[in-house]
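*Asks:* Structure: query-v2.tsv, TSV, C-alpha atoms.
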chain	number	residue	atom	x	y	z
A	1	MET	CA	48.47	1.63	8.51
A	2	SER	CA	46.24	-0.23	6.07
A	3	GLU	CA	43.29	1.33	4.27
A	4	ILE	CA	40.99	-0.78	6.45
A	5	GLU	CA	42.58	0.61	9.62
A	6	GLU	CA	42.32	4.14	8.26
A	7	SER	CA	38.61	3.71	7.45
A	8	PHE	CA	37.99	2.26	10.90
A	9	LYS	CA	39.78	5.17	12.56
A	10	ARG	CA	37.91	7.72	10.45
A	11	ILE	CA	34.57	6.31	11.52
A	12	GLN	CA	35.69	5.91	15.13
A	13	THR	CA	36.92	9.49	15.39
A	14	HIS	CA	33.99	11.03	13.50
A	15	LYS	CA	32.32	13.64	15.68
A	16	GLY	CA	29.59	12.08	17.79
A	17	VAL	CA	30.56	8.44	17.18
A	18	VAL	CA	30.34	6.63	20.50
A	19	GLY	CA	31.47	3.21	19.32
A	20	VAL	CA	32.11	0.82	16.45
A	21	LEU	CA	31.48	-2.93	16.50
A	22	ILE	CA	32.20	-5.64	13.94
A	23	ILE	CA	30.69	-9.10	14.42
A	24	ASN	CA	30.24	-12.17	12.26
A	25	ARG	CA	26.93	-13.86	11.47
A	26	ASN	CA	27.26	-16.05	14.57
A	27	GLY	CA	27.50	-12.92	16.66
A	28	SER	CA	31.16	-13.42	17.55
A	29	VAL	CA	32.96	-10.14	18.18
A	30	ILE	CA	35.73	-9.52	15.64
A	31	LYS	CA	36.60	-5.94	16.52
A	32	SER	CA	35.07	-3.43	18.91
A	33	THR	CA	35.63	-0.10	20.61
A	34	PHE	CA	33.02	-1.04	23.25
A	35	ASP	CA	33.76	-3.07	26.38
A	36	GLN	CA	33.16	-6.83	26.27
A	37	GLU	CA	29.76	-6.76	27.98
A	38	THR	CA	28.39	-3.99	25.76
A	39	SER	CA	29.76	-5.69	22.66
A	40	VAL	CA	28.02	-8.95	23.48
A	41	SER	CA	24.78	-7.14	24.33
A	42	TYR	CA	24.76	-5.42	20.93
A	43	SER	CA	25.78	-8.61	19.19
A	44	LYS	CA	22.93	-10.66	20.63
A	45	MET	CA	20.39	-7.99	19.71
A	46	VAL	CA	21.73	-7.67	16.17
A	47	ILE	CA	21.58	-11.36	15.31
A	48	ASP	CA	18.10	-11.46	16.83
A	49	ILE	CA	16.75	-8.42	14.95
A	50	PHE	CA	18.31	-8.87	11.53
A	51	PRO	CA	16.43	-11.95	10.31
A	52	LYS	CA	13.22	-10.14	11.25
A	53	ALA	CA	14.25	-6.92	9.51
A	54	ASP	CA	15.13	-9.02	6.47
A	55	GLN	CA	11.65	-10.59	6.59
A	56	LEU	CA	10.09	-7.14	6.82
A	57	LEU	CA	11.77	-6.15	3.56
A	58	LYS	CA	10.73	-9.38	1.91
A	59	ILE	CA	7.00	-8.88	2.52
A	60	ASN	CA	6.85	-6.73	-0.59
A	61	SER	CA	9.92	-7.79	-2.52
A	62	ASP	CA	11.33	-11.32	-2.73
A	63	ASN	CA	14.92	-11.14	-3.86
A	64	ASP	CA	16.08	-7.96	-2.22
A	65	GLU	CA	18.88	-8.26	0.35
A	66	LEU	CA	18.90	-6.05	3.41
A	67	SER	CA	21.74	-3.51	2.96
A	68	PHE	CA	21.29	-0.97	5.73
A	69	PHE	CA	19.51	-0.79	9.07
A	70	ARG	CA	19.00	2.29	11.20
A	71	VAL	CA	17.23	3.20	14.40
A	72	ARG	CA	17.07	6.74	15.70
A	73	SER	CA	16.09	8.23	18.98
A	74	LYS	CA	16.28	11.94	19.79
A	75	ASP	CA	19.89	11.62	20.91
A	76	ASN	CA	21.20	8.39	19.42
A	77	ASP	CA	21.58	6.85	16.00
A	78	ILE	CA	22.47	3.18	15.52
A	79	MET	CA	23.46	2.17	12.01
A	80	ILE	CA	24.21	-1.34	10.84
A	81	THR	CA	25.53	-2.54	7.50
A	82	PRO	CA	25.55	-6.31	6.84
A	83	ASP	CA	26.87	-8.68	4.26
A	84	LYS	CA	26.57	-12.47	4.10
A	85	ASP	CA	29.40	-12.88	6.65
A	86	PHE	CA	29.61	-9.77	8.83
A	87	PHE	CA	27.86	-6.84	10.49
A	88	LEU	CA	29.32	-3.36	11.02
A	89	LEU	CA	27.50	-1.45	13.77
A	90	VAL	CA	28.10	2.22	14.59
A	91	VAL	CA	26.53	4.16	17.47
A	92	ASN	CA	26.40	7.89	16.91
A	93	LYS	CA	25.38	10.55	19.42
A	94	ILE	CA	23.31	13.17	17.63
A	95	HIS	CA	24.89	16.55	18.14
A	96	LYS	CA	23.00	19.78	17.62
A	97	GLU	CA	24.98	22.58	16.04
B	1	MET	CA	-9.93	17.79	3.08
B	2	SER	CA	-8.21	17.98	6.47
B	3	GLU	CA	-4.55	18.68	6.99
B	4	ILE	CA	-4.13	15.04	8.05
B	5	GLU	CA	-5.68	13.84	4.78
B	6	GLU	CA	-3.45	16.20	2.82
B	7	SER	CA	-0.30	14.96	4.55
B	8	PHE	CA	-1.36	11.36	3.97
B	9	LYS	CA	-1.96	12.04	0.27
B	10	ARG	CA	1.34	13.87	-0.09
B	11	ILE	CA	3.24	10.90	1.30
B	12	GLN	CA	1.16	8.40	-0.66
B	13	THR	CA	1.72	10.20	-3.96
B	14	HIS	CA	5.41	10.93	-3.37
B	15	LYS	CA	7.45	9.48	-6.20
B	16	GLY	CA	8.49	5.92	-5.40
B	17	VAL	CA	6.15	5.39	-2.46
B	18	VAL	CA	4.60	1.96	-2.81
B	19	GLY	CA	2.38	2.05	0.26
B	20	VAL	CA	1.50	3.66	3.57
B	21	LEU	CA	0.28	1.84	6.68
B	22	ILE	CA	-0.89	3.12	10.05
B	23	ILE	CA	-1.36	0.66	12.92
B	24	ASN	CA	-1.82	0.94	16.66
B	25	ARG	CA	0.41	-0.66	19.30
B	26	ASN	CA	-1.69	-3.85	19.24
B	27	GLY	CA	-1.01	-4.15	15.53
B	28	SER	CA	-4.56	-3.33	14.48
B	29	VAL	CA	-4.72	-1.67	11.07
B	30	ILE	CA	-6.13	1.85	11.27
B	31	LYS	CA	-5.44	3.00	7.72
B	32	SER	CA	-3.62	1.41	4.82
B	33	THR	CA	-3.00	1.65	1.08
B	34	PHE	CA	-1.93	-2.03	1.05
B	35	ASP	CA	-4.33	-4.96	0.76
B	36	GLN	CA	-5.52	-6.66	3.96
B	37	GLU	CA	-3.06	-9.56	3.82
B	38	THR	CA	-0.03	-7.35	3.21
B	39	SER	CA	-1.15	-4.94	5.92
B	40	VAL	CA	-1.40	-7.70	8.50
B	41	SER	CA	1.96	-9.15	7.43
B	42	TYR	CA	3.67	-5.80	7.95
B	43	SER	CA	1.79	-5.20	11.18
B	44	LYS	CA	2.87	-8.49	12.73
B	45	MET	CA	6.49	-7.88	11.80
B	46	VAL	CA	6.45	-4.32	13.14
B	47	ILE	CA	5.09	-5.19	16.57
B	48	ASP	CA	7.60	-8.04	16.73
B	49	ILE	CA	10.65	-5.96	15.72
B	50	PHE	CA	9.99	-2.73	17.54
B	51	PRO	CA	10.49	-3.85	21.14
B	52	LYS	CA	13.80	-5.37	20.03
B	53	ALA	CA	14.87	-2.22	18.18
B	54	ASP	CA	13.96	-0.25	21.30
B	55	GLN	CA	16.12	-2.60	23.38
B	56	LEU	CA	18.98	-2.11	20.93
B	57	LEU	CA	18.88	1.65	21.51
B	58	LYS	CA	18.68	1.20	25.26
B	59	ILE	CA	21.92	-0.81	25.48
B	60	ASN	CA	23.87	2.44	25.53
B	61	SER	CA	21.27	4.95	26.67
B	62	ASP	CA	18.49	4.35	29.18
B	63	ASN	CA	15.82	6.98	28.72
B	64	ASP	CA	15.94	7.47	25.01
B	65	GLU	CA	12.74	6.65	23.09
B	66	LEU	CA	12.93	5.12	19.63
B	67	SER	CA	11.82	7.80	17.15
B	68	PHE	CA	12.66	6.41	13.72
B	69	PHE	CA	13.37	3.02	12.19
B	70	ARG	CA	14.65	2.33	8.71
B	71	VAL	CA	15.73	-0.67	6.68
B	72	ARG	CA	17.18	-0.34	3.21
B	73	SER	CA	17.83	-2.83	0.48
B	74	LYS	CA	19.16	-1.90	-2.95
B	75	ASP	CA	15.67	-1.23	-4.26
B	76	ASN	CA	13.46	-0.74	-1.21
B	77	ASP	CA	13.32	1.53	1.79
B	78	ILE	CA	11.01	0.86	4.72
B	79	MET	CA	10.63	3.70	7.20
B	80	ILE	CA	8.67	3.59	10.44
B	81	THR	CA	7.88	6.36	12.89
B	82	PRO	CA	6.28	5.40	16.22
B	83	ASP	CA	4.77	7.10	19.19
B	84	LYS	CA	3.31	5.56	22.34
B	85	ASP	CA	0.06	4.68	20.56
B	86	PHE	CA	0.74	4.30	16.82
B	87	PHE	CA	3.13	3.35	14.04
B	88	LEU	CA	3.36	4.99	10.60
B	89	LEU	CA	5.06	2.75	8.05
B	90	VAL	CA	6.03	3.83	4.53
B	91	VAL	CA	7.50	1.60	1.82
B	92	ASN	CA	9.50	3.47	-0.79
B	93	LYS	CA	10.92	2.08	-4.01
B	94	ILE	CA	14.35	3.57	-4.56
B	95	HIS	CA	14.44	5.26	-7.95
B	96	LYS	CA	17.67	6.08	-9.71
B	97	GLU	CA	17.73	9.35	-11.65
C	1	LYS	CA	6.67	-19.70	14.66
C	2	ASP	CA	5.61	-17.32	17.39
C	3	GLN	CA	4.67	-14.77	14.79
C	4	ASP	CA	1.97	-16.98	13.29
C	5	ASP	CA	0.39	-17.29	16.73
C	6	VAL	CA	0.03	-13.53	17.10
C	7	VAL	CA	-3.56	-12.44	16.68
C	8	ILE	CA	-4.03	-8.95	15.33
C	9	PRO	CA	-7.35	-7.53	16.61
C	10	GLU	CA	-9.37	-6.28	13.65
C	11	LEU	CA	-11.10	-2.90	13.99
C	12	ASP	CA	-14.41	-2.05	12.30
C	13	ASP	CA	-14.79	1.13	10.25
C	14	PHE	CA	-16.45	2.97	13.13
C	15	GLU	CA	-13.57	2.22	15.49
C	16	LYS	CA	-11.05	3.23	12.82
C	17	GLN	CA	-12.81	6.52	12.21
C	18	ASN	CA	-12.94	7.29	15.94
C	19	ILE	CA	-9.19	6.77	16.13
C	20	LEU	CA	-8.54	8.88	13.03
C	21	ASP	CA	-10.61	11.67	14.58
C	22	SER	CA	-8.86	11.54	17.95
C	23	ASP	CA	-6.47	14.21	19.21
C	24	ALA	CA	-3.87	11.53	20.02
C	25	PHE	CA	-3.86	10.37	16.41
C	26	LYS	CA	-3.80	13.87	14.91
C	27	SER	CA	-0.86	14.82	17.11
C	28	PHE	CA	0.98	11.62	16.15
C	29	PHE	CA	0.34	11.96	12.44
C	30	THR	CA	1.20	15.65	12.23
C	31	LYS	CA	4.61	14.99	13.75
C	32	SER	CA	5.33	11.64	12.11
C	33	SER	CA	4.33	12.63	8.59
C	34	LYS	CA	6.87	15.49	8.72
C	35	VAL	CA	9.66	13.08	9.68
C	36	ILE	CA	8.71	10.73	6.85
C	37	GLU	CA	8.44	13.56	4.32
C	38	ARG	CA	11.89	14.85	5.24
C	39	ALA	CA	13.29	11.33	4.97
C	40	LEU	CA	11.67	10.87	1.55
C	41	TYR	CA	13.08	14.14	0.23
C	42	LEU	CA	16.49	13.19	1.57
C	43	ASP	CA	16.18	9.80	-0.13
C	44	ASP	CA	15.48	11.56	-3.43
C	45	SER	CA	18.60	13.69	-3.16
C	46	VAL	CA	21.16	11.15	-2.00
C	47	ASP	CA	21.30	7.38	-1.94
C	48	ILE	CA	23.79	6.33	0.73
C	49	LEU	CA	24.04	2.84	-0.75
C	50	VAL	CA	25.40	4.21	-4.02
C	51	ASP	CA	29.16	4.68	-4.24
C	52	TYR	CA	29.62	8.08	-5.89
C	53	THR	CA	33.36	7.52	-6.23
C	54	LEU	CA	32.69	4.88	-8.87
C	55	SER	CA	32.63	5.73	-12.56
C	56	ASP	CA	29.25	6.04	-14.28
C	57	ASP	CA	29.80	2.62	-15.89
C	58	SER	CA	30.12	0.86	-12.57
C	59	LYS	CA	27.19	2.76	-11.17
C	60	SER	CA	24.92	1.76	-14.05
C	61	LYS	CA	25.79	-1.89	-13.58
C	62	SER	CA	25.22	-2.04	-9.84
D	1	LYS	CA	13.99	-14.97	27.42
D	2	ASP	CA	15.28	-16.64	24.26
D	3	GLN	CA	17.94	-13.98	23.97
D	4	ASP	CA	19.58	-14.91	27.27
D	5	ASP	CA	19.90	-18.49	26.04
D	6	VAL	CA	21.86	-17.44	22.96
D	7	VAL	CA	25.52	-18.33	23.29
D	8	ILE	CA	27.89	-16.09	21.38
D	9	PRO	CA	31.04	-18.06	20.43
D	10	GLU	CA	34.10	-16.15	21.61
D	11	LEU	CA	37.05	-15.87	19.24
D	12	ASP	CA	40.66	-15.70	20.37
D	13	ASP	CA	43.00	-12.99	19.10
D	14	PHE	CA	44.52	-15.31	16.50
D	15	GLU	CA	41.13	-16.13	15.01
D	16	LYS	CA	40.14	-12.46	15.02
D	17	GLN	CA	43.33	-11.47	13.22
D	18	ASN	CA	42.81	-14.18	10.60
D	19	ILE	CA	39.34	-12.82	9.90
D	20	LEU	CA	40.56	-9.22	9.77
D	21	ASP	CA	43.23	-10.28	7.25
D	22	SER	CA	40.80	-12.21	5.04
D	23	ASP	CA	39.68	-11.04	1.61
D	24	ALA	CA	36.03	-11.55	2.57
D	25	PHE	CA	36.43	-9.14	5.49
D	26	LYS	CA	38.39	-6.54	3.52
D	27	SER	CA	35.77	-6.55	0.77
D	28	PHE	CA	32.97	-6.21	3.34
D	29	PHE	CA	34.63	-3.42	5.29
D	30	THR	CA	35.66	-1.41	2.26
D	31	LYS	CA	32.07	-1.30	1.05
D	32	SER	CA	30.34	-1.00	4.40
D	33	SER	CA	32.56	1.73	5.82
D	34	LYS	CA	31.71	3.93	2.84
D	35	VAL	CA	27.98	3.50	3.47
D	36	ILE	CA	28.42	4.37	7.13
D	37	GLU	CA	30.62	7.37	6.37
D	38	ARG	CA	28.06	8.76	3.93
D	39	ALA	CA	25.32	8.20	6.50
D	40	LEU	CA	27.37	9.98	9.17
D	41	TYR	CA	28.04	12.98	6.94
D	42	LEU	CA	24.37	13.14	6.05
D	43	ASP	CA	23.49	13.00	9.75
D	44	ASP	CA	25.77	15.97	10.35
D	45	SER	CA	24.07	18.05	7.70
D	46	VAL	CA	20.42	17.30	8.39
D	47	ASP	CA	18.53	15.79	11.29
D	48	ILE	CA	15.25	14.41	10.01
D	49	LEU	CA	13.80	14.31	13.53
D	50	VAL	CA	14.15	18.09	13.84
D	51	ASP	CA	11.26	20.19	12.61
D	52	TYR	CA	12.86	23.02	10.65
D	53	THR	CA	9.53	24.81	10.29
D	54	LEU	CA	9.58	25.57	14.01
D	55	SER	CA	11.02	28.80	15.36
D	56	ASP	CA	14.46	28.70	16.95
D	57	ASP	CA	12.86	28.87	20.40
D	58	SER	CA	10.89	25.69	19.87
D	59	LYS	CA	13.88	23.99	18.34
D	60	SER	CA	16.10	24.81	21.31
D	61	LYS	CA	13.55	23.41	23.74
D	62	SER	CA	12.95	20.13	21.93
Can I see the file as structure tokens?

*Replies:*
Amino acid sequence: MSEIEESFKRIQTHKGVVGVLIINRNGSVIKSTFDQETSVSYSKMVIDIFPKADQLLKINSDNDELSFFRVRSKDNDIMITPDKDFFLLVVNKIHKE
Amino acid sequence: MSEIEESFKRIQTHKGVVGVLIINRNGSVIKSTFDQETSVSYSKMVIDIFPKADQLLKINSDNDELSFFRVRSKDNDIMITPDKDFFLLVVNKIHKE
Amino acid sequence: KDQDDVVIPELDDFEKQNILDSDAFKSFFTKSSKVIERALYLDDSVDILVDYTLSDDSKSKS
Amino acid sequence: KDQDDVVIPELDDFEKQNILDSDAFKSFFTKSSKVIERALYLDDSVDILVDYTLSDDSKSKS
């Protein structure tokens, strides 16, 4: 098992993690633990939101690339890390100890 | 000085905080440490992004209200807390110790 | 762009003060400022974008 | 809605595997997975949406 596979598994099996999605900048699904419909739903939202989130950061700072995105509700946490080619999205259920 | 004023000042004077903005759900500026133009720029972006971020959360969980939003770049951190009437936005410059 | 067509209603100082004095706002700000303060303190203690497994040299450069 | 008009190109398994095997992807995933893992561990240790100044009763209810 490659280091990439091991990292993927570690995230996937982390307590509370509901799903992991990797898409490219066109929104095409590269790898996902979600079903097809859910994957495409997330993908469409991500490629819609990210240019806007990037613009939000650029209001006060020109050359700064968006590195991390996060939205929280009481029970859910969606985290997204981008680079110029890909997005990694993780959905985490918040668990109370 | 009210407790509200004290909290506002504490956030505003926190190390690295560049600005604090409070808007309502229409995007009207209620209180801001940014200039008018910057305030309106942030406001427009926030009321554009938030419904989409809310939709993102609802893909996997119907009744869950968006409670916290965050975008990070290497040097900047924008955090937004909403309720049904208002948004509090804070821009933080990441400082390295 | 759609965004440029959005008109943000501008409030006068009286309207702003009424909102700031309202129970709805006080309730919102009391709760929200705590969330932000916790997030800021967390930000001060750990930067998730920094790779702590790198040597100090690499960290300084990045 | 605009969003419903967006067409997401679908990749076949061969194309997916080529991407997964690429240097660009490996570089991205190595870096990004570390950020996510740190964020997840942080999430486990402190929930910024929880008000720790409340009594245990209030916390349980919320």

*Asks:* I'd like the neighbourhood of range 6-14 of chain D as a PDB file with C-alpha atoms, in the coordinates of the input, where a residue qualifies if any of its atoms comes within 10 Å (using all atoms listed in the file), though same-chain residues fewer than 3 positions away should be ignored.

*Replies:*
ATOM      1  CA  ASN A  26      27.260 -16.050  14.570  1.00  0.00           C
ATOM      2  CA  GLY A  27      27.500 -12.920  16.660  1.00  0.00           C
ATOM      3  CA  SER A  28      31.160 -13.420  17.550  1.00  0.00           C
ATOM      4  CA  VAL A  29      32.960 -10.140  18.180  1.00  0.00           C
ATOM      5  CA  ILE A  30      35.730  -9.520  15.640  1.00  0.00           C
ATOM      6  CA  LYS A  31      36.600  -5.940  16.520  1.00  0.00           C
ATOM      7  CA  VAL A  40      28.020  -8.950  23.480  1.00  0.00           C
ATOM      8  CA  SER A  41      24.780  -7.140  24.330  1.00  0.00           C
ATOM      9  CA  SER A  43      25.780  -8.610  19.190  1.00  0.00           C
ATOM     10  CA  LYS A  44      22.930 -10.660  20.630  1.00  0.00           C
ATOM     11  CA  ILE A  47      21.580 -11.360  15.310  1.00  0.00           C
ATOM     12  CA  ASP A  48      18.100 -11.460  16.830  1.00  0.00           C
TER      13      ASP A  48
ATOM     14  CA  LYS D   1      13.990 -14.970  27.420  1.00  0.00           C
ATOM     15  CA  ASP D   2      15.280 -16.640  24.260  1.00  0.00           C
ATOM     16  CA  GLN D   3      17.940 -13.980  23.970  1.00  0.00           C
ATOM     17  CA  GLN D  17      43.330 -11.470  13.220  1.00  0.00           C
ATOM     18  CA  ASN D  18      42.810 -14.180  10.600  1.00  0.00           C
ATOM     19  CA  ILE D  19      39.340 -12.820   9.900  1.00  0.00           C
ATOM     20  CA  LEU D  20      40.560  -9.220   9.770  1.00  0.00           C
TER      21      LEU D  20
END

*Asks:* Could you write out as AutoDock Vina command-line options the box around range 19-36 of chain B (axis-aligned, all atoms listed in the file, 5 Å on each side), with centre and edge lengths in Å to one decimal?

*Replies:*
--center_x -1.9 --center_y -1.5 --center_z 9.8 --size_x 18.5 --size_y 20.3 --size_z 29.0

*Asks:* Kindly determine which residues of chain B lie within 8 Å of chain A, considering all atoms listed in the file, and give the answer as a PyMOL selection string.

*Replies:* chain B and resi 38+41-42+45-46+49+52-53+55-57+59-60+64-76+78

*Asks:* Calculate how many Å separate CA of His95 in chain A from CA of Ile48 in chain D, rounding to one decimal.

*Replies:*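 Computed distance, CA of His95 in chain A to CA of Ile48 in chain D, equals 12.8 Å.
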
*Asks:* Just to confirm, what's the straight-line distance from CA of Phe25 in chain C to CA of Ile22 in chain B in Å (one decimal)?

*Replies:* 10.1 Å

*Asks:* How would chain B read as an mmCIF file with C-alpha atoms, in the frame of the given file after a least-squares superposition onto chain A over every Cα atom, matched in order?

*Replies:*
data_model
loop_
_atom_site.group_PDB
_atom_site.id
_atom_site.type_symbol
_atom_site.label_atom_id
_atom_site.label_comp_id
_atom_site.auth_asym_id
_atom_site.auth_seq_id
_atom_site.Cartn_x
_atom_site.Cartn_y
_atom_site.Cartn_z
ATOM 1 C CA MET B 1 48.465 1.566 8.550
ATOM 2 C CA SER B 2 46.213 -0.248 6.075
ATOM 3 C CA GLU B 3 43.302 1.311 4.271
ATOM 4 C CA ILE B 4 40.983 -0.787 6.455
ATOM 5 C CA GLU B 5 42.592 0.607 9.618
ATOM 6 C CA GLU B 6 42.308 4.132 8.246
ATOM 7 C CA SER B 7 38.615 3.723 7.443
ATOM 8 C CA PHE B 8 37.995 2.256 10.890
ATOM 9 C CA LYS B 9 39.782 5.180 12.554
ATOM 10 C CA ARG B 10 37.930 7.720 10.436
ATOM 11 C CA ILE B 11 34.581 6.312 11.518
ATOM 12 C CA GLN B 12 35.695 5.905 15.126
ATOM 13 C CA THR B 13 36.915 9.496 15.377
ATOM 14 C CA HIS B 14 33.975 11.025 13.503
ATOM 15 C CA LYS B 15 32.312 13.630 15.676
ATOM 16 C CA GLY B 16 29.573 12.057 17.777
ATOM 17 C CA VAL B 17 30.543 8.435 17.188
ATOM 18 C CA VAL B 18 30.356 6.627 20.503
ATOM 19 C CA GLY B 19 31.478 3.206 19.320
ATOM 20 C CA VAL B 20 32.107 0.821 16.450
ATOM 21 C CA LEU B 21 31.486 -2.932 16.493
ATOM 22 C CA ILE B 22 32.192 -5.631 13.927
ATOM 23 C CA ILE B 23 30.702 -9.103 14.412
ATOM 24 C CA ASN B 24 30.247 -12.165 12.246
ATOM 25 C CA ARG B 25 26.928 -13.864 11.467
ATOM 26 C CA ASN B 26 27.244 -16.060 14.576
ATOM 27 C CA GLY B 27 27.496 -12.928 16.683
ATOM 28 C CA SER B 28 31.156 -13.409 17.549
ATOM 29 C CA VAL B 29 32.949 -10.120 18.161
ATOM 30 C CA ILE B 30 35.723 -9.526 15.637
ATOM 31 C CA LYS B 31 36.597 -5.936 16.506
ATOM 32 C CA SER B 32 35.074 -3.433 18.886
ATOM 33 C CA THR B 33 35.635 -0.089 20.599
ATOM 34 C CA PHE B 34 33.031 -1.040 23.245
ATOM 35 C CA ASP B 35 33.781 -3.089 26.355
ATOM 36 C CA GLN B 36 33.166 -6.852 26.245
ATOM 37 C CA GLU B 37 29.775 -6.761 27.969
ATOM 38 C CA THR B 38 28.393 -3.996 25.761
ATOM 39 C CA SER B 39 29.752 -5.697 22.652
ATOM 40 C CA VAL B 40 28.012 -8.958 23.477
ATOM 41 C CA SER B 41 24.773 -7.136 24.331
ATOM 42 C CA TYR B 42 24.743 -5.421 20.944
ATOM 43 C CA SER B 43 25.771 -8.608 19.180
ATOM 44 C CA LYS B 44 22.927 -10.649 20.642
ATOM 45 C CA MET B 45 20.387 -7.996 19.721
ATOM 46 C CA VAL B 46 21.722 -7.655 16.175
ATOM 47 C CA ILE B 47 21.576 -11.347 15.327
ATOM 48 C CA ASP B 48 18.088 -11.451 16.833
ATOM 49 C CA ILE B 49 16.732 -8.412 14.943
ATOM 50 C CA PHE B 50 18.314 -8.869 11.556
ATOM 51 C CA PRO B 51 16.434 -11.935 10.322
ATOM 52 C CA LYS B 52 13.215 -10.133 11.267
ATOM 53 C CA ALA B 53 14.251 -6.916 9.515
ATOM 54 C CA ASP B 54 15.122 -9.021 6.473
ATOM 55 C CA GLN B 55 11.662 -10.608 6.615
ATOM 56 C CA LEU B 56 10.105 -7.151 6.828
ATOM 57 C CA LEU B 57 11.782 -6.156 3.560
ATOM 58 C CA LYS B 58 10.765 -9.397 1.897
ATOM 59 C CA ILE B 59 7.032 -8.876 2.514
ATOM 60 C CA ASN B 60 6.874 -6.717 -0.598
ATOM 61 C CA SER B 61 9.943 -7.820 -2.529
ATOM 62 C CA ASP B 62 11.365 -11.332 -2.709
ATOM 63 C CA ASN B 63 14.965 -11.152 -3.833
ATOM 64 C CA ASP B 64 16.057 -7.963 -2.204
ATOM 65 C CA GLU B 65 18.888 -8.249 0.347
ATOM 66 C CA LEU B 66 18.919 -6.032 3.418
ATOM 67 C CA SER B 67 21.748 -3.511 2.960
ATOM 68 C CA PHE B 68 21.286 -0.961 5.733
ATOM 69 C CA PHE B 69 19.512 -0.775 9.073
ATOM 70 C CA ARG B 70 19.015 2.297 11.204
ATOM 71 C CA VAL B 71 17.238 3.206 14.414
ATOM 72 C CA ARG B 72 17.068 6.756 15.688
ATOM 73 C CA SER B 73 16.074 8.225 18.994
ATOM 74 C CA LYS B 74 16.273 11.927 19.803
ATOM 75 C CA ASP B 75 19.881 11.618 20.915
ATOM 76 C CA ASN B 76 21.185 8.377 19.424
ATOM 77 C CA ASP B 77 21.574 6.843 16.008
ATOM 78 C CA ILE B 78 22.456 3.188 15.528
ATOM 79 C CA MET B 79 23.448 2.182 12.012
ATOM 80 C CA ILE B 80 24.212 -1.334 10.825
ATOM 81 C CA THR B 81 25.527 -2.533 7.488
ATOM 82 C CA PRO B 82 25.569 -6.293 6.830
ATOM 83 C CA ASP B 83 26.862 -8.664 4.242
ATOM 84 C CA LYS B 84 26.564 -12.448 4.105
ATOM 85 C CA ASP B 85 29.372 -12.892 6.639
ATOM 86 C CA PHE B 86 29.595 -9.768 8.826
ATOM 87 C CA PHE B 87 27.855 -6.841 10.484
ATOM 88 C CA LEU B 88 29.317 -3.356 11.026
ATOM 89 C CA LEU B 89 27.503 -1.445 13.759
ATOM 90 C CA VAL B 90 28.099 2.222 14.593
ATOM 91 C CA VAL B 91 26.527 4.157 17.467
ATOM 92 C CA ASN B 92 26.380 7.895 16.903
ATOM 93 C CA LYS B 93 25.373 10.546 19.408
ATOM 94 C CA ILE B 94 23.302 13.162 17.630
ATOM 95 C CA HIS B 95 24.893 16.562 18.142
ATOM 96 C CA LYS B 96 22.996 19.776 17.615
ATOM 97 C CA GLU B 97 24.967 22.645 16.084
#

*Asks:* Rounded to one decimal place, report the CA of Asn24 in chain A-CA of Asp43 in chain D distance in Å.

*Replies:*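 Spanning CA of Asn24 in chain A to CA of Asp43 in chain D is a straight-line distance of 26.2 Å.
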
*Asks:* Smallest atom-to-atom distance to chain B: which of D:Val35, D:Asp21, D:Asp44, D:Lys16, using only C-alpha atoms?

*Replies:*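 Smallest separation from chain B among the options: D:Val35.
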
*Asks:* Determine which residues of chain C sit within 12 Å of chain D, taking into account all atoms listed in the file, and present them as a list in words.

*Replies:*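 My answer is Asp2, Thr30, Lys31, Ser32, Ser33, Lys34, Val35, Ile36, Glu37, Arg38, Ala39, Leu40, Tyr41, Leu42, Asp43, Ser45, Val46, Asp47, Ile48, Leu49, Val50, Asp51, Tyr52, Thr53 and Leu54 of chain C.
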
*Asks:* Hey, which of A:Gly16, A:Asp62, A:Phe34, A:Leu21 ends up closest to Phe86 in chain A? Count all atoms listed in the file.

*Replies:*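 The closest residue to Phe86 in chain A is A:Leu21.
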
*Asks:* So, counting all atoms listed in the file, which residue among A:Ser7, A:Ser2, A:Arg25, A:Ser32 is closest to chain D?

*Replies:*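 The answer is A:Ser7, which sits nearest to chain D.
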
*Asks:* Using only C-alpha atoms, which of the listed residues (B:Pro82, B:Ile23, B:Leu89, B:Ile94) sits closest to chain D?

*Replies:* B:Pro82

*Asks:* Could I get range 21-25 of chain C rebuilt with N, CA, C and O atoms, written as a PDB file, in the coordinates of the input?

*Replies:*
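This is the output file result-v5.pdb:
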ATOM      1  N   ASP C  21     -10.099  10.374  14.120  1.00  0.00           N
ATOM      2  CA  ASP C  21     -10.610  11.670  14.580  1.00  0.00           C
ATOM      3  C   ASP C  21     -10.053  12.105  15.932  1.00  0.00           C
ATOM      4  O   ASP C  21     -10.295  13.242  16.364  1.00  0.00           O
ATOM      5  N   SER C  22      -9.328  11.230  16.599  1.00  0.00           N
ATOM      6  CA  SER C  22      -8.860  11.540  17.950  1.00  0.00           C
ATOM      7  C   SER C  22      -7.697  12.526  17.950  1.00  0.00           C
ATOM      8  O   SER C  22      -6.913  12.590  17.009  1.00  0.00           O
ATOM      9  N   ASP C  23      -7.581  13.275  19.048  1.00  0.00           N
ATOM     10  CA  ASP C  23      -6.470  14.210  19.210  1.00  0.00           C
ATOM     11  C   ASP C  23      -5.131  13.468  19.254  1.00  0.00           C
ATOM     12  O   ASP C  23      -4.132  13.944  18.719  1.00  0.00           O
ATOM     13  N   ALA C  24      -5.110  12.313  19.912  1.00  0.00           N
ATOM     14  CA  ALA C  24      -3.870  11.530  20.020  1.00  0.00           C
ATOM     15  C   ALA C  24      -3.350  11.168  18.630  1.00  0.00           C
ATOM     16  O   ALA C  24      -2.156  11.273  18.348  1.00  0.00           O
ATOM     17  N   PHE C  25      -4.289  10.761  17.759  1.00  0.00           N
ATOM     18  CA  PHE C  25      -3.860  10.370  16.410  1.00  0.00           C
ATOM     19  C   PHE C  25      -3.389  11.589  15.596  1.00  0.00           C
ATOM     20  O   PHE C  25      -2.384  11.545  14.911  1.00  0.00           O
TER      21      PHE C  25
END
